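Participant: One file: final04.pdb (PDB, C-alpha atoms, pLDDT in the B column).
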```
ATOM      1  CA  MET R   1     -12.150-188.349-173.640  1.00 71.00           C
ATOM      2  CA  SER R   2      -8.531-187.699-172.753  1.00 88.00           C
ATOM      3  CA  VAL R   3      -7.444-185.587-169.808  1.00 87.00           C
ATOM      4  CA  ARG R   4      -5.910-183.005-172.128  1.00 88.00           C
ATOM      5  CA  ALA R   5      -9.145-182.672-174.101  1.00 88.00           C
ATOM      6  CA  MET R   6     -11.126-182.394-170.869  1.00 87.00           C
ATOM      7  CA  LEU R   7      -8.835-179.627-169.585  1.00 86.00           C
ATOM      8  CA  ALA R   8      -9.165-177.736-172.862  1.00 87.00           C
ATOM      9  CA  ARG R   9     -12.932-178.016-172.644  1.00 88.00           C
ATOM     10  CA  VAL R  10     -12.971-176.787-169.042  1.00 84.00           C
ATOM     11  CA  GLN R  11     -10.803-173.795-169.999  1.00 83.00           C
ATOM     12  CA  ARG R  12     -13.191-172.870-172.819  1.00 81.00           C
ATOM     13  CA  LEU R  13     -16.160-173.156-170.485  1.00 79.00           C
ATOM     14  CA  GLU R  14     -14.465-170.981-167.862  1.00 76.00           C
ATOM     15  CA  GLN R  15     -13.627-168.317-170.440  1.00 72.00           C
ATOM     16  CA  THR R  16     -17.201-168.141-171.685  1.00 70.00           C
ATOM     17  CA  ARG R  17     -18.785-168.365-168.229  1.00 66.00           C
ATOM     18  CA  ARG R  18     -21.511-165.788-167.807  1.00 64.00           C
ATOM     19  CA  PRO R  19     -22.030-164.025-164.494  1.00 60.00           C
ATOM     20  CA  SER R  20     -24.554-165.891-162.395  1.00 66.00           C
ATOM     21  CA  SER R  21     -26.742-162.998-161.280  1.00 68.00           C
ATOM     22  CA  HIS R  22     -28.491-160.170-163.057  1.00 72.00           C
ATOM     23  CA  PHE R  23     -26.545-157.670-160.957  1.00 74.00           C
ATOM     24  CA  GLU R  24     -23.211-159.093-162.111  1.00 76.00           C
ATOM     25  CA  ARG R  25     -24.343-158.935-165.724  1.00 74.00           C
ATOM     26  CA  TRP R  26     -25.405-155.301-165.360  1.00 76.00           C
ATOM     27  CA  PHE R  27     -22.803-153.847-162.965  1.00 78.00           C
ATOM     28  CA  GLY R  28     -20.004-156.363-162.453  1.00 78.00           C
ATOM     29  CA  TYR R  29     -19.078-157.951-159.154  1.00 82.00           C
ATOM     30  CA  PHE R  30     -20.585-156.599-155.953  1.00 85.00           C
ATOM     31  CA  GLU R  31     -17.189-155.874-154.377  1.00 88.00           C
ATOM     32  CA  ALA R  32     -16.304-153.560-157.280  1.00 87.00           C
ATOM     33  CA  PHE R  33     -19.713-151.864-156.999  1.00 89.00           C
ATOM     34  CA  ALA R  34     -19.281-151.346-153.255  1.00 92.00           C
ATOM     35  CA  ALA R  35     -15.761-149.949-153.728  1.00 92.00           C
ATOM     36  CA  GLU R  36     -17.006-147.550-156.414  1.00 92.00           C
ATOM     37  CA  CYS R  37     -19.826-146.420-154.126  1.00 94.00           C
ATOM     38  CA  GLU R  38     -17.373-145.870-151.270  1.00 95.00           C
ATOM     39  CA  ALA R  39     -15.149-143.807-153.532  1.00 96.00           C
ATOM     40  CA  GLY R  40     -18.196-141.823-154.667  1.00 96.00           C
ATOM     41  CA  ILE R  41     -19.187-141.171-151.055  1.00 96.00           C
ATOM     42  CA  ASN R  42     -15.679-139.985-150.205  1.00 97.00           C
ATOM     43  CA  ALA R  43     -15.631-137.738-153.282  1.00 97.00           C
ATOM     44  CA  GLY R  44     -18.988-136.223-152.354  1.00 96.00           C
ATOM     45  CA  ILE R  45     -20.767-137.634-155.419  1.00 96.00           C
ATOM     46  CA  TYR R  46     -23.106-139.863-153.409  1.00 96.00           C
ATOM     47  CA  ASP R  47     -24.936-138.928-150.241  1.00 96.00           C
ATOM     48  CA  ARG R  48     -23.139-140.116-147.116  1.00 96.00           C
ATOM     49  CA  ARG R  49     -26.454-141.031-145.420  1.00 96.00           C
ATOM     50  CA  ASP R  50     -28.320-142.692-148.285  1.00 95.00           C
ATOM     51  CA  MET R  51     -25.695-144.592-150.247  1.00 96.00           C
ATOM     52  CA  PRO R  52     -24.691-147.022-147.464  1.00 96.00           C
ATOM     53  CA  CYS R  53     -28.365-148.057-147.307  1.00 96.00           C
ATOM     54  CA  VAL R  54     -28.372-148.628-151.062  1.00 94.00           C
ATOM     55  CA  VAL R  55     -25.187-150.722-150.852  1.00 94.00           C
ATOM     56  CA  ALA R  56     -26.601-152.750-147.935  1.00 95.00           C
ATOM     57  CA  SER R  57     -29.851-153.320-149.824  1.00 93.00           C
ATOM     58  CA  VAL R  58     -28.005-154.505-152.926  1.00 90.00           C
ATOM     59  CA  GLN R  59     -25.850-156.788-150.793  1.00 88.00           C
ATOM     60  CA  LYS R  60     -28.946-158.282-149.152  1.00 89.00           C
ATOM     61  CA  TRP R  61     -30.540-158.760-152.569  1.00 83.00           C
ATOM     62  CA  MET R  62     -27.366-160.474-153.837  1.00 78.00           C
ATOM     63  CA  CYS R  63     -27.368-162.882-150.877  1.00 73.00           C
ATOM     64  CA  GLU R  64     -31.033-163.750-151.430  1.00 67.00           C
ATOM     65  CA  ASP R  65     -30.352-164.307-155.134  1.00 51.00           C
ATOM     66  CA  LEU R  66     -27.956-167.171-154.373  1.00 48.00           C
TER      67      LEU R  66
END
```
Mind turning this structure into structure tokens?
Facilitator:
Amino acid sequence: MSVRAMLARVQRLEQTRRPSSHFERWFGYFEAFAAECEAGINAGIYDRRDMPCVVASVQKWMCEDL
């Protein structure tokens, strides 16, 4: 297999790569989820006491999923 064909194959594989965790498939990347939660807390949509616990729990779950 030539280098050019191998690079084309790698590009196709990268484009079709599925997220590795269930969370990423359902919600996207954790960083985006955490930023959205932070914005929701600042806007008063999410509870300032509870939501950081939810974000921390999801982060712990994501780390254990690796």
Participant: Got a sec to resolve the PyMOL selection byres ((chain R and resi 25-35) around 10) on this structure and send the residues as a ChimeraX atom specification?
Facilitator: /R:18-24,36-41,51-52,54-56,58-59,62
Participant: Figure out the distance between atom CA of R:Lys60 and atom CA of R:Ala43, please, to one decimal in Å.
Facilitator: 24.8 Å
Participant: Could you please determine the separation between atom CA of R:Thr16 and atom CA of R:Arg4 in Å, to one decimal place?
Facilitator: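 Separation of atom CA of R:Thr16 and atom CA of R:Arg4: 18.7 Å.
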Participant: Please give the centre and size of the box around stretch 1-7 of chain R (axis-aligned, containing every atom listed in the file, 4 Å added per side), with values in Å to one decimal and written as AutoDock Vina command-line options.
Facilitator:
```
--center_x -9.0 --center_y -184.0 --center_z -171.8 --size_x 14.2 --size_y 16.7 --size_z 12.5
```
Participant: What gap, in Å, lies between atom CA of R:Leu13 and atom CA of R:Met1?
Facilitator: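 Atom-to-atom, atom CA of R:Leu13 and atom CA of R:Met1 are spaced 16.0 Å apart.
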Participant: Write stretch 7-33 of chain R as a CSV table (one decimal), in the frame of the given file, completed to N, CA and C atoms.
Facilitator:
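Output saved as selection.csv:
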```
chain,number,residue,atom,x,y,z
R,7,LEU,N,-9.4,-180.9,-170.1
R,7,LEU,CA,-8.8,-179.6,-169.6
R,7,LEU,C,-9.1,-178.5,-170.6
R,8,ALA,N,-8.9,-178.8,-171.8
R,8,ALA,CA,-9.2,-177.7,-172.9
R,8,ALA,C,-10.6,-177.3,-172.9
R,9,ARG,N,-11.5,-178.3,-172.7
R,9,ARG,CA,-12.9,-178.0,-172.6
R,9,ARG,C,-13.3,-177.2,-171.4
R,10,VAL,N,-12.7,-177.5,-170.3
R,10,VAL,CA,-13.0,-176.8,-169.0
R,10,VAL,C,-12.5,-175.3,-169.2
R,11,GLN,N,-11.3,-175.1,-169.8
R,11,GLN,CA,-10.8,-173.8,-170.0
R,11,GLN,C,-11.7,-173.0,-170.9
R,12,ARG,N,-12.2,-173.6,-171.9
R,12,ARG,CA,-13.2,-172.9,-172.8
R,12,ARG,C,-14.5,-172.5,-172.1
R,13,LEU,N,-15.0,-173.4,-171.3
R,13,LEU,CA,-16.2,-173.2,-170.5
R,13,LEU,C,-15.9,-172.0,-169.5
R,14,GLU,N,-14.8,-172.0,-168.8
R,14,GLU,CA,-14.5,-171.0,-167.9
R,14,GLU,C,-14.3,-169.6,-168.5
R,15,GLN,N,-13.8,-169.6,-169.7
R,15,GLN,CA,-13.6,-168.3,-170.4
R,15,GLN,C,-15.0,-167.8,-170.9
R,16,THR,N,-15.9,-168.6,-171.2
R,16,THR,CA,-17.2,-168.1,-171.7
R,16,THR,C,-18.3,-168.1,-170.6
R,17,ARG,N,-17.8,-168.4,-169.3
R,17,ARG,CA,-18.8,-168.4,-168.2
R,17,ARG,C,-19.4,-167.0,-168.1
R,18,ARG,N,-20.7,-167.0,-168.0
R,18,ARG,CA,-21.5,-165.8,-167.8
R,18,ARG,C,-21.7,-165.6,-166.3
R,19,PRO,N,-21.7,-164.3,-165.9
R,19,PRO,CA,-22.0,-164.0,-164.5
R,19,PRO,C,-23.3,-164.7,-164.1
R,20,SER,N,-23.4,-165.1,-162.8
R,20,SER,CA,-24.6,-165.9,-162.4
R,20,SER,C,-25.8,-165.1,-162.0
R,21,SER,N,-25.6,-163.8,-161.7
R,21,SER,CA,-26.7,-163.0,-161.3
R,21,SER,C,-27.0,-161.9,-162.3
R,22,HIS,N,-28.2,-161.3,-162.2
R,22,HIS,CA,-28.5,-160.2,-163.1
R,22,HIS,C,-27.6,-159.0,-162.7
R,23,PHE,N,-27.4,-158.8,-161.4
R,23,PHE,CA,-26.5,-157.7,-161.0
R,23,PHE,C,-25.2,-157.7,-161.6
R,24,GLU,N,-24.5,-158.9,-161.5
R,24,GLU,CA,-23.2,-159.1,-162.1
R,24,GLU,C,-23.2,-158.8,-163.6
R,25,ARG,N,-24.3,-159.2,-164.3
R,25,ARG,CA,-24.3,-158.9,-165.7
R,25,ARG,C,-24.5,-157.4,-166.0
R,26,TRP,N,-25.2,-156.7,-165.1
R,26,TRP,CA,-25.4,-155.3,-165.4
R,26,TRP,C,-24.3,-154.4,-164.8
R,27,PHE,N,-23.7,-154.7,-163.6
R,27,PHE,CA,-22.8,-153.8,-163.0
R,27,PHE,C,-21.4,-154.4,-162.7
R,28,GLY,N,-21.3,-155.7,-162.8
R,28,GLY,CA,-20.0,-156.4,-162.5
R,28,GLY,C,-20.1,-157.0,-161.1
R,29,TYR,N,-19.0,-157.3,-160.5
R,29,TYR,CA,-19.1,-158.0,-159.2
R,29,TYR,C,-19.4,-157.0,-158.1
R,30,PHE,N,-20.1,-157.5,-157.0
R,30,PHE,CA,-20.6,-156.6,-156.0
R,30,PHE,C,-19.4,-155.8,-155.3
R,31,GLU,N,-18.3,-156.5,-155.1
R,31,GLU,CA,-17.2,-155.9,-154.4
R,31,GLU,C,-16.7,-154.6,-155.1
R,32,ALA,N,-16.7,-154.7,-156.5
R,32,ALA,CA,-16.3,-153.6,-157.3
R,32,ALA,C,-17.4,-152.5,-157.2
R,33,PHE,N,-18.6,-152.8,-157.2
R,33,PHE,CA,-19.7,-151.9,-157.0
R,33,PHE,C,-19.6,-151.2,-155.7
```
